[in-house]
$ cat query_29.cif   # mmCIF, C-alpha atoms
data_query
loop_
_atom_site.group_PDB
_atom_site.id
_atom_site.type_symbol
_atom_site.label_atom_id
_atom_site.label_comp_id
_atom_site.auth_asym_id
_atom_site.auth_seq_id
_atom_site.Cartn_x
_atom_site.Cartn_y
_atom_site.Cartn_z
ATOM 1 C CA MET A 1 65.830 32.512 -15.280
ATOM 2 C CA THR A 2 63.527 34.963 -13.567
ATOM 3 C CA THR A 3 60.403 33.789 -11.840
ATOM 4 C CA GLN A 4 58.528 36.995 -11.024
ATOM 5 C CA ASN A 5 58.553 40.645 -10.036
ATOM 6 C CA PRO A 6 61.186 41.430 -7.421
ATOM 7 C CA PRO A 7 60.076 41.865 -3.794
ATOM 8 C CA THR A 8 59.491 45.448 -2.701
ATOM 9 C CA LYS A 9 60.985 45.141 0.787
ATOM 10 C CA PHE A 10 63.878 43.605 2.698
ATOM 11 C CA TYR A 11 62.911 40.923 5.231
ATOM 12 C CA TYR A 12 64.562 40.623 8.632
ATOM 13 C CA TRP A 13 63.430 37.997 11.163
ATOM 14 C CA GLU A 14 61.024 40.537 12.709
ATOM 15 C CA ASP A 15 59.201 40.905 9.360
ATOM 16 C CA PHE A 16 57.780 37.366 9.478
ATOM 17 C CA PHE A 17 54.548 36.686 11.388
ATOM 18 C CA LEU A 18 52.165 33.772 11.963
ATOM 19 C CA ASN A 19 49.917 32.930 8.990
ATOM 20 C CA GLN A 20 51.703 35.443 6.712
ATOM 21 C CA THR A 21 51.670 34.201 3.115
ATOM 22 C CA ILE A 22 53.997 35.142 0.266
ATOM 23 C CA GLU A 23 53.254 33.929 -3.273
ATOM 24 C CA CYS A 24 56.345 33.080 -5.305
ATOM 25 C CA GLY A 25 56.682 32.263 -9.006
ATOM 26 C CA PRO A 26 55.323 31.478 -11.531
ATOM 27 C CA TYR A 27 57.829 29.255 -13.324
ATOM 28 C CA THR A 28 57.207 27.099 -16.403
ATOM 29 C CA VAL A 29 59.162 23.825 -16.533
ATOM 30 C CA THR A 30 60.689 22.629 -19.821
ATOM 31 C CA GLU A 31 61.309 19.070 -20.976
ATOM 32 C CA GLU A 32 64.922 20.029 -21.666
ATOM 33 C CA GLU A 33 65.621 21.034 -18.081
ATOM 34 C CA ILE A 34 63.855 17.959 -16.682
ATOM 35 C CA LEU A 35 66.146 15.727 -18.766
ATOM 36 C CA GLU A 36 69.258 17.794 -17.934
ATOM 37 C CA PHE A 37 68.679 17.616 -14.167
ATOM 38 C CA ALA A 38 67.801 13.918 -14.263
ATOM 39 C CA GLN A 39 70.867 12.940 -16.272
ATOM 40 C CA LYS A 40 73.094 14.374 -13.564
ATOM 41 C CA TYR A 41 71.182 13.856 -10.325
ATOM 42 C CA ASP A 42 68.387 11.297 -10.693
ATOM 43 C CA PRO A 43 68.600 9.100 -13.811
ATOM 44 C CA GLN A 44 65.602 6.886 -13.005
ATOM 45 C CA ARG A 45 63.729 5.850 -16.152
ATOM 46 C CA PHE A 46 60.672 8.013 -15.493
ATOM 47 C CA HIS A 47 62.875 11.130 -15.243
ATOM 48 C CA VAL A 48 65.450 10.604 -17.970
ATOM 49 C CA ASN A 49 63.772 9.021 -21.000
ATOM 50 C CA LYS A 50 60.398 9.847 -22.560
ATOM 51 C CA ASP A 51 59.842 6.409 -24.096
ATOM 52 C CA SER A 52 60.745 4.478 -20.953
ATOM 53 C CA ALA A 53 58.647 6.857 -18.862
ATOM 54 C CA GLU A 54 55.559 6.000 -20.936
ATOM 55 C CA LEU A 55 55.832 2.403 -19.698
ATOM 56 C CA THR A 56 55.843 3.311 -15.997
ATOM 57 C CA ILE A 57 52.964 4.079 -13.616
ATOM 58 C CA PHE A 58 53.542 7.765 -14.420
ATOM 59 C CA LYS A 59 52.697 7.235 -18.130
ATOM 60 C CA GLY A 60 55.126 9.928 -19.246
ATOM 61 C CA LEU A 61 58.164 11.953 -18.283
ATOM 62 C CA ILE A 62 58.092 13.572 -14.823
ATOM 63 C CA ALA A 63 60.552 15.881 -13.071
ATOM 64 C CA SER A 64 62.718 14.455 -10.309
ATOM 65 C CA GLY A 65 61.179 15.429 -6.983
ATOM 66 C CA TRP A 66 64.554 16.946 -6.060
ATOM 67 C CA GLN A 67 64.351 19.198 -9.109
ATOM 68 C CA THR A 68 60.857 20.322 -8.099
ATOM 69 C CA ALA A 69 62.243 21.157 -4.654
ATOM 70 C CA GLY A 70 65.071 23.082 -6.343
ATOM 71 C CA LEU A 71 62.628 25.022 -8.525
ATOM 72 C CA MET A 72 60.550 25.842 -5.428
ATOM 73 C CA MET A 73 63.772 27.095 -3.792
ATOM 74 C CA ARG A 74 64.384 29.341 -6.824
ATOM 75 C CA MET A 75 60.855 30.721 -6.702
ATOM 76 C CA VAL A 76 61.296 31.384 -2.971
ATOM 77 C CA CYS A 77 64.709 33.018 -3.598
ATOM 78 C CA ASP A 78 63.199 35.409 -6.141
ATOM 79 C CA GLY A 79 60.030 35.869 -4.072
ATOM 80 C CA PHE A 80 61.744 37.102 -0.888
ATOM 81 C CA MET A 81 64.747 35.059 0.227
ATOM 82 C CA LEU A 82 67.344 36.983 -1.800
ATOM 83 C CA SER A 83 65.892 40.172 -0.366
ATOM 84 C CA SER A 84 66.243 38.999 3.212
ATOM 85 C CA SER A 85 68.768 38.452 6.001
ATOM 86 C CA SER A 86 68.646 34.664 5.436
ATOM 87 C CA THR A 87 71.601 32.780 6.873
ATOM 88 C CA GLY A 88 70.633 29.306 5.676
ATOM 89 C CA SER A 89 68.542 26.400 6.889
ATOM 90 C CA PRO A 90 69.111 23.571 9.361
ATOM 91 C CA GLY A 91 66.661 21.345 7.504
ATOM 92 C CA ILE A 92 63.226 20.226 6.460
ATOM 93 C CA ASP A 93 60.578 18.592 8.669
ATOM 94 C CA SER A 94 58.520 17.159 5.812
ATOM 95 C CA LEU A 95 58.603 16.997 2.022
ATOM 96 C CA LYS A 96 55.681 15.409 0.166
ATOM 97 C CA TRP A 97 55.578 14.673 -3.540
ATOM 98 C CA LEU A 98 51.806 14.553 -4.067
ATOM 99 C CA LYS A 99 51.464 14.878 -7.827
ATOM 100 C CA PRO A 100 54.067 14.612 -10.593
ATOM 101 C CA VAL A 101 55.468 17.724 -12.303
ATOM 102 C CA ARG A 102 55.544 17.336 -16.093
ATOM 103 C CA PRO A 103 57.071 19.249 -19.030
ATOM 104 C CA GLY A 104 55.141 22.460 -19.700
ATOM 105 C CA ASP A 105 53.687 22.725 -16.189
ATOM 106 C CA THR A 106 53.546 26.247 -14.793
ATOM 107 C CA LEU A 107 54.247 26.229 -11.060
ATOM 108 C CA LYS A 108 53.788 28.687 -8.247
ATOM 109 C CA THR A 109 54.888 28.321 -4.638
ATOM 110 C CA VAL A 110 52.884 29.755 -1.762
ATOM 111 C CA VAL A 111 54.909 30.218 1.433
ATOM 112 C CA GLU A 112 52.993 30.352 4.725
ATOM 113 C CA VAL A 113 54.601 31.170 8.060
ATOM 114 C CA LEU A 114 53.871 28.442 10.637
ATOM 115 C CA GLU A 115 56.075 29.573 13.522
ATOM 116 C CA THR A 116 58.704 32.143 14.472
ATOM 117 C CA ARG A 117 61.169 31.485 17.242
ATOM 118 C CA ALA A 118 63.960 33.521 18.860
ATOM 119 C CA LEU A 119 67.147 31.683 19.849
ATOM 120 C CA ASN A 120 68.558 32.127 23.350
ATOM 121 C CA SER A 121 71.858 30.733 22.125
ATOM 122 C CA LYS A 122 72.167 33.205 19.226
ATOM 123 C CA PRO A 123 70.713 36.596 20.127
ATOM 124 C CA THR A 124 71.242 38.086 16.642
ATOM 125 C CA ILE A 125 69.377 35.299 14.790
ATOM 126 C CA GLY A 126 65.802 33.993 14.747
ATOM 127 C CA MET A 127 64.141 30.958 13.226
ATOM 128 C CA VAL A 128 61.112 30.858 10.933
ATOM 129 C CA LYS A 129 59.189 27.693 10.078
ATOM 130 C CA THR A 130 57.266 27.846 6.799
ATOM 131 C CA ARG A 131 55.112 25.577 4.675
ATOM 132 C CA TRP A 132 55.845 25.795 0.936
ATOM 133 C CA SER A 133 52.952 24.633 -1.260
ATOM 134 C CA CYS A 134 53.696 24.192 -4.961
ATOM 135 C CA TYR A 135 50.666 24.297 -7.285
ATOM 136 C CA ASN A 136 50.519 23.631 -11.027
ATOM 137 C CA GLN A 137 48.476 25.503 -13.665
ATOM 138 C CA HIS A 138 45.387 23.422 -12.747
ATOM 139 C CA ASP A 139 45.672 24.563 -9.090
ATOM 140 C CA GLU A 140 46.612 21.012 -8.147
ATOM 141 C CA LEU A 141 48.977 20.738 -5.181
ATOM 142 C CA THR A 142 52.127 18.992 -6.462
ATOM 143 C CA THR A 143 54.546 19.309 -3.548
ATOM 144 C CA THR A 144 54.680 20.540 0.041
ATOM 145 C CA ILE A 145 57.752 21.332 2.118
ATOM 146 C CA GLU A 146 57.909 22.312 5.794
ATOM 147 C CA ALA A 147 61.177 24.181 6.192
ATOM 148 C CA TRP A 148 63.122 25.908 8.936
ATOM 149 C CA ASN A 149 65.128 28.993 8.002
ATOM 150 C CA MET A 150 67.424 31.277 9.980
ATOM 151 C CA PHE A 151 67.261 35.041 9.549
ATOM 152 C CA GLU A 152 69.338 37.782 11.162
ATOM 153 C CA LYS A 153 67.388 40.185 13.334
ATOM 154 C CA ARG A 154 66.992 43.834 12.322
ATOM 155 C CA PRO A 155 70.081 45.795 13.376
ATOM 156 C CA VAL A 156 69.514 47.938 16.460
ATOM 157 C CA SER A 157 69.636 51.677 15.679
ATOM 158 C CA VAL A 158 72.199 53.605 17.712
ATOM 159 C CA MET B 1 79.303 11.183 -13.838
ATOM 160 C CA THR B 2 79.757 7.780 -12.238
ATOM 161 C CA THR B 3 79.891 7.421 -8.503
ATOM 162 C CA GLN B 4 80.985 3.838 -7.921
ATOM 163 C CA ASN B 5 80.993 0.213 -8.921
ATOM 164 C CA PRO B 6 77.620 -0.978 -10.196
ATOM 165 C CA PRO B 7 75.465 -3.103 -7.887
ATOM 166 C CA THR B 8 75.716 -6.835 -8.400
ATOM 167 C CA LYS B 9 72.030 -7.660 -7.890
ATOM 168 C CA PHE B 10 68.537 -6.439 -8.745
ATOM 169 C CA TYR B 11 66.463 -5.312 -5.744
ATOM 170 C CA TYR B 12 62.744 -6.043 -5.440
ATOM 171 C CA TRP B 13 60.775 -4.987 -2.350
ATOM 172 C CA GLU B 14 61.444 -8.385 -0.754
ATOM 173 C CA ASP B 15 65.204 -7.784 -0.936
ATOM 174 C CA PHE B 16 65.135 -5.008 1.686
ATOM 175 C CA PHE B 17 65.250 -5.904 5.383
ATOM 176 C CA LEU B 18 65.470 -4.087 8.713
ATOM 177 C CA ASN B 19 68.920 -2.643 9.549
ATOM 178 C CA GLN B 20 70.293 -3.553 6.089
ATOM 179 C CA THR B 21 72.924 -1.011 5.014
ATOM 180 C CA ILE B 22 74.107 -0.163 1.509
ATOM 181 C CA GLU B 23 77.085 2.161 1.004
ATOM 182 C CA CYS B 24 76.795 4.441 -2.030
ATOM 183 C CA GLY B 25 79.383 6.714 -3.645
ATOM 184 C CA PRO B 26 81.997 8.148 -3.351
ATOM 185 C CA TYR B 27 81.530 11.397 -5.242
ATOM 186 C CA THR B 28 83.833 14.431 -5.253
ATOM 187 C CA VAL B 29 82.120 17.813 -5.535
ATOM 188 C CA THR B 30 83.630 20.549 -7.729
ATOM 189 C CA GLU B 31 83.406 24.312 -7.295
ATOM 190 C CA GLU B 32 82.153 24.557 -10.877
ATOM 191 C CA GLU B 33 79.113 22.367 -10.252
ATOM 192 C CA ILE B 34 78.297 24.139 -6.971
ATOM 193 C CA LEU B 35 78.191 27.469 -8.831
ATOM 194 C CA GLU B 36 76.253 26.008 -11.777
ATOM 195 C CA PHE B 37 73.525 24.504 -9.576
ATOM 196 C CA ALA B 38 73.263 27.620 -7.420
ATOM 197 C CA GLN B 39 72.938 30.004 -10.365
ATOM 198 C CA LYS B 40 69.855 28.124 -11.523
ATOM 199 C CA TYR B 41 68.229 26.849 -8.334
ATOM 200 C CA ASP B 42 69.497 28.630 -5.229
ATOM 201 C CA PRO B 43 71.373 31.897 -5.888
ATOM 202 C CA GLN B 44 71.914 32.851 -2.244
ATOM 203 C CA ARG B 45 75.227 34.640 -1.733
ATOM 204 C CA PHE B 46 76.897 31.772 0.134
ATOM 205 C CA HIS B 47 76.173 29.397 -2.786
ATOM 206 C CA VAL B 48 76.800 31.547 -5.848
ATOM 207 C CA ASN B 49 79.793 33.795 -5.210
ATOM 208 C CA LYS B 50 83.107 32.951 -3.537
ATOM 209 C CA ASP B 51 83.872 36.490 -2.396
ATOM 210 C CA SER B 52 80.422 37.128 -0.938
ATOM 211 C CA ALA B 53 80.464 33.701 0.714
ATOM 212 C CA GLU B 54 83.654 34.621 2.598
ATOM 213 C CA LEU B 55 81.734 37.367 4.394
ATOM 214 C CA THR B 56 78.964 35.060 5.673
ATOM 215 C CA ILE B 57 78.824 32.774 8.713
ATOM 216 C CA PHE B 58 79.979 29.962 6.403
ATOM 217 C CA LYS B 59 83.290 31.755 5.634
ATOM 218 C CA GLY B 60 83.434 30.349 2.109
ATOM 219 C CA LEU B 61 81.432 28.851 -0.710
ATOM 220 C CA ILE B 62 79.056 25.994 0.229
ATOM 221 C CA ALA B 63 76.798 23.783 -1.895
ATOM 222 C CA SER B 64 73.047 24.402 -1.820
ATOM 223 C CA GLY B 65 71.471 21.855 0.490
ATOM 224 C CA TRP B 66 69.192 20.889 -2.397
ATOM 225 C CA GLN B 67 72.242 20.079 -4.503
ATOM 226 C CA THR B 68 73.649 17.903 -1.711
ATOM 227 C CA ALA B 69 70.307 16.067 -1.614
ATOM 228 C CA GLY B 70 70.501 15.668 -5.408
ATOM 229 C CA LEU B 71 74.040 14.301 -5.207
ATOM 230 C CA MET B 72 72.915 11.859 -2.509
ATOM 231 C CA MET B 73 70.097 10.792 -4.849
ATOM 232 C CA ARG B 74 72.668 10.173 -7.609
ATOM 233 C CA MET B 75 74.858 8.099 -5.298
ATOM 234 C CA VAL B 76 71.776 6.097 -4.257
ATOM 235 C CA CYS B 77 70.739 5.666 -7.917
ATOM 236 C CA ASP B 78 74.142 4.253 -8.820
ATOM 237 C CA GLY B 79 74.372 2.290 -5.566
ATOM 238 C CA PHE B 80 71.136 0.302 -6.010
ATOM 239 C CA MET B 81 68.116 2.341 -7.082
ATOM 240 C CA LEU B 82 68.718 2.030 -10.829
ATOM 241 C CA SER B 83 69.109 -1.699 -10.319
ATOM 242 C CA SER B 84 65.769 -2.035 -8.541
ATOM 243 C CA SER B 85 62.010 -2.101 -9.100
ATOM 244 C CA SER B 86 61.671 1.469 -7.710
ATOM 245 C CA THR B 87 58.462 3.227 -8.672
ATOM 246 C CA GLY B 88 59.181 6.544 -7.027
ATOM 247 C CA SER B 89 58.726 8.161 -3.634
ATOM 248 C CA PRO B 90 55.814 9.812 -1.839
ATOM 249 C CA GLY B 91 58.168 11.969 0.193
ATOM 250 C CA ILE B 92 60.676 12.613 2.925
ATOM 251 C CA ASP B 93 60.026 12.593 6.675
ATOM 252 C CA SER B 94 63.136 14.551 7.628
ATOM 253 C CA LEU B 95 66.082 16.251 5.950
ATOM 254 C CA LYS B 96 68.838 17.756 8.098
ATOM 255 C CA TRP B 97 71.689 19.879 6.827
ATOM 256 C CA LEU B 98 74.186 19.359 9.647
ATOM 257 C CA LYS B 99 77.448 20.529 8.116
ATOM 258 C CA PRO B 100 78.162 22.462 4.891
ATOM 259 C CA VAL B 101 79.447 20.696 1.768
ATOM 260 C CA ARG B 102 82.330 22.590 0.180
ATOM 261 C CA PRO B 103 84.248 22.433 -3.128
ATOM 262 C CA GLY B 104 86.577 19.420 -3.182
ATOM 263 C CA ASP B 105 84.640 17.442 -0.560
ATOM 264 C CA THR B 106 84.396 13.721 -1.246
ATOM 265 C CA LEU B 107 81.019 12.382 -0.147
ATOM 266 C CA LYS B 108 79.577 8.955 0.487
ATOM 267 C CA THR B 109 75.995 8.069 1.358
ATOM 268 C CA VAL B 110 75.152 5.190 3.673
ATOM 269 C CA VAL B 111 71.580 3.931 3.282
ATOM 270 C CA GLU B 112 70.040 2.051 6.241
ATOM 271 C CA VAL B 113 66.655 0.332 6.101
ATOM 272 C CA LEU B 114 64.399 1.569 8.950
ATOM 273 C CA GLU B 115 61.112 -0.114 8.011
ATOM 274 C CA THR B 116 59.461 -2.175 5.286
ATOM 275 C CA ARG B 117 55.709 -2.162 4.823
ATOM 276 C CA ALA B 118 53.314 -3.985 2.485
ATOM 277 C CA LEU B 119 50.346 -2.040 1.125
ATOM 278 C CA ASN B 120 46.872 -3.540 1.380
ATOM 279 C CA SER B 121 45.677 -1.065 -1.238
ATOM 280 C CA LYS B 122 48.378 -2.017 -3.776
ATOM 281 C CA PRO B 123 49.244 -5.722 -3.586
ATOM 282 C CA THR B 124 52.055 -5.509 -6.161
ATOM 283 C CA ILE B 125 53.947 -2.721 -4.388
ATOM 284 C CA GLY B 126 55.677 -2.343 -1.016
ATOM 285 C CA MET B 127 57.151 0.603 0.857
ATOM 286 C CA VAL B 128 60.650 0.923 2.301
ATOM 287 C CA LYS B 129 61.710 3.636 4.728
ATOM 288 C CA THR B 130 65.416 4.414 4.756
ATOM 289 C CA ARG B 131 67.827 6.810 6.441
ATOM 290 C CA TRP B 132 70.442 8.271 4.109
ATOM 291 C CA SER B 133 73.570 9.533 5.902
ATOM 292 C CA CYS B 134 76.005 11.596 3.846
ATOM 293 C CA TYR B 135 79.576 11.760 5.177
ATOM 294 C CA ASN B 136 82.489 13.838 3.921
ATOM 295 C CA GLN B 137 86.159 12.789 3.619
ATOM 296 C CA HIS B 138 86.697 13.554 7.324
ATOM 297 C CA ASP B 139 83.866 11.149 8.270
ATOM 298 C CA GLU B 140 81.795 14.118 9.366
ATOM 299 C CA LEU B 141 78.050 13.707 8.907
ATOM 300 C CA THR B 142 76.931 16.466 6.523
ATOM 301 C CA THR B 143 73.319 15.551 5.768
ATOM 302 C CA THR B 144 70.644 13.038 6.766
ATOM 303 C CA ILE B 145 67.448 12.187 4.923
ATOM 304 C CA GLU B 146 64.639 9.862 6.038
ATOM 305 C CA ALA B 147 62.914 8.779 2.844
ATOM 306 C CA TRP B 148 60.014 6.573 1.811
ATOM 307 C CA ASN B 149 60.329 4.653 -1.454
ATOM 308 C CA MET B 150 57.970 2.354 -3.333
ATOM 309 C CA PHE B 151 59.254 -0.856 -4.922
ATOM 310 C CA GLU B 152 57.429 -3.462 -6.972
ATOM 311 C CA LYS B 153 57.317 -6.909 -5.419
ATOM 312 C CA ARG B 154 59.156 -9.828 -7.021
ATOM 313 C CA PRO B 155 57.018 -11.303 -9.827
ATOM 314 C CA VAL B 156 55.389 -14.589 -8.857
ATOM 315 C CA SER B 157 56.811 -17.521 -10.813
ATOM 316 C CA VAL B 158 54.195 -19.450 -12.793
#
$ encode --input "query_29.cif" --output "C-alpha cells"
Amino acid sequence: MTTQNPPTKFYYWEDFFLNQTIECGPYTVTEEEILEFAQKYDPQRFHVNKDSAELTIFKGLIASGWQTAGLMMRMVCDGFMLSSSSTGSPGIDSLKWLKPVRPGDTLKTVVEVLETRALNSKPTIGMVKTRWSCYNQHDELTTTIEAWNMFEKRPVSV
Amino acid sequence: MTTQNPPTKFYYWEDFFLNQTIECGPYTVTEEEILEFAQKYDPQRFHVNKDSAELTIFKGLIASGWQTAGLMMRMVCDGFMLSSSSTGSPGIDSLKWLKPVRPGDTLKTVVEVLETRALNSKPTIGMVKTRWSCYNQHDELTTTIEAWNMFEKRPVSV
C-alpha cells in the first residue's frame, strides 16, 4: 500500500506553522478491505454484508468509520508523519463521520495546522493541533478529525 | 474472534438510560495483530517494528491508537451493539490515548450512558451519548472515547 509521492523534507516541531496545509493521499478503497476490517473490528450489518447493507439507511455497504480513520492515518503517515520527529498522540478532540465511505471511493486527506504549542514540562517536545479533512472523488467531505500530535524539536547544533 | 458472552437482550433507544453501564470484553491483544494493523494503517516505528520501538519513548512495541479504538468497537459490538437497533454514529466528541496498549494486554471496555436525546427531525430515531473506558489487566485506564450513536426506537405495537 502506497498512497502518494514521498515527502521531500523531514518535519520537526519547528516546521509546523498556523494555517499550513499538507495534502495527503490519494487512496482508493476496495470492497475486499472494507469487509476484512469489518469482520475483525466492526461487524455491524452495514459494514460486513452487502445484502444486509442494502436494507439499511445507508442503502449499501459502507466502511467502518474506524477504518476510514485508519486510512486517513495511513495517508498522513505517507504524507509527512513517517518523515517527521513524531512521538505519538495524546488524543483527538473531535471526529465527525459526515458522509459514508463506499467501495471504490478515492480519498484524500488535507491536514491543516490549527495550533502549535511548546511544553514547559518537556523542553525537547512540542505539540501540534491539526484538522484532518477527508474528501472523496466528488470533493465531498466524508470525515474530519481534530488531532493533537507530539513532535521532537529540532536538535540544537553544537 | 469472540470477545465475550453474547448479550441476553435486544436494545432499542428506549433501553438506554442515564448512568447505565455495560461491561464489554475481555479481549487479549497479540503481537501479530498489532504488527498486521500497523503495517497497513499506521506504520510508525513504535507500532511496526519491535527493535525500533525499543529506542522510542515507549520502550517497546505498542498498538496504534486507531487499532485500540477498533478493538474497543469490537468489544462494544459483541457486548450489545450487534444486538441493538444501531443505525451508526455521527462521530466522537473526545478520544484520549492515556496509556499504551502492548502485546499480551487483556482489555475490557466499560460503556457508560452520559445522555439520551430524542430527535425532532427524525421521530423514529434517538441519540445516545456514551463514554467508553478501556482498561488493561492491571485496571489501568488505557483509552477513553465519548461517542454519539443513533438507535431506532422500539416499534409501536398495533
$ closest_residue --input "query_29.cif" --among "A:Thr130, A:Thr124, A:Ser89, A:Thr106" --to "B:Phe58" --atoms "all atoms listed in the file"
A:Ser89
$ residues_around --input "query_29.cif" --residues "A:Leu114" --least-positions-apart "3" --cutoff "7 Å" --atoms "all atoms listed in the file" --output "PyMOL selection string"
chain A and resi 18-19+129-131
$ resolve_selection --input "query_29.cif" --expression "the PyMOL selection byres ((chain B) within 6 of (chain A))" --output "ChimeraX atom specification"
/B:41-42,70-71,74,90-97
$ resolve_selection --input "query_29.cif" --expression "the PyMOL selection byres ((chain A and resi 29-34) around 8)" --output "mmCIF file with C-alpha atoms, keeping the file's coordinate frame"
data_model
loop_
_atom_site.group_PDB
_atom_site.id
_atom_site.type_symbol
_atom_site.label_atom_id
_atom_site.label_comp_id
_atom_site.auth_asym_id
_atom_site.auth_seq_id
_atom_site.Cartn_x
_atom_site.Cartn_y
_atom_site.Cartn_z
ATOM 1 C CA TYR A 27 57.829 29.255 -13.324
ATOM 2 C CA THR A 28 57.207 27.099 -16.403
ATOM 3 C CA LEU A 35 66.146 15.727 -18.766
ATOM 4 C CA GLU A 36 69.258 17.794 -17.934
ATOM 5 C CA PHE A 37 68.679 17.616 -14.167
ATOM 6 C CA ALA A 38 67.801 13.918 -14.263
ATOM 7 C CA HIS A 47 62.875 11.130 -15.243
ATOM 8 C CA VAL A 48 65.450 10.604 -17.970
ATOM 9 C CA ILE A 62 58.092 13.572 -14.823
ATOM 10 C CA ALA A 63 60.552 15.881 -13.071
ATOM 11 C CA SER A 64 62.718 14.455 -10.309
ATOM 12 C CA GLN A 67 64.351 19.198 -9.109
ATOM 13 C CA ARG A 102 55.544 17.336 -16.093
ATOM 14 C CA PRO A 103 57.071 19.249 -19.030
ATOM 15 C CA GLY A 104 55.141 22.460 -19.700
ATOM 16 C CA ASP A 105 53.687 22.725 -16.189
ATOM 17 C CA THR A 106 53.546 26.247 -14.793
ATOM 18 C CA LEU A 107 54.247 26.229 -11.060
#
$ atom_distance --input "query_29.cif" --atom1 "atom CA of B:Asp51" --atom2 "atom CA of A:Val128"
27.0 Å
$ atom_distance --input "query_29.cif" --atom1 "atom CA of A:Thr21" --atom2 "atom CA of A:Cys134"
13.0 Å
$ closest_residue --input "query_29.cif" --among "A:Asn149, A:Thr116, A:Thr109, A:Asn136" --to "A:Cys24" --atoms "all atoms listed in the file"
A:Thr109
$ axis_aligned_box --input "query_29.cif" --around "stretch 88-98 of chain B" --padding-each-side "5 Å" --output "AutoDock Vina command-line options"
--center_x 65.0 --center_y 13.2 --center_z 1.3 --size_x 28.4 --size_y 23.3 --size_z 26.7
$ closest_residue --input "query_29.cif" --among "A:Val101, A:Lys50, A:His138, A:Val113" --to "A:Asp15" --atoms "all atoms listed in the file"
A:Val113
$ atom_distance --input "query_29.cif" --atom1 "atom CA of B:Gly79" --atom2 "atom CA of B:Ser133"
13.6 Å
$ closest_residue --input "query_29.cif" --among "B:Leu119, B:Gln137, B:Glu23, B:Trp132" --to "B:Phe151" --atoms "all atoms listed in the file"
B:Leu119
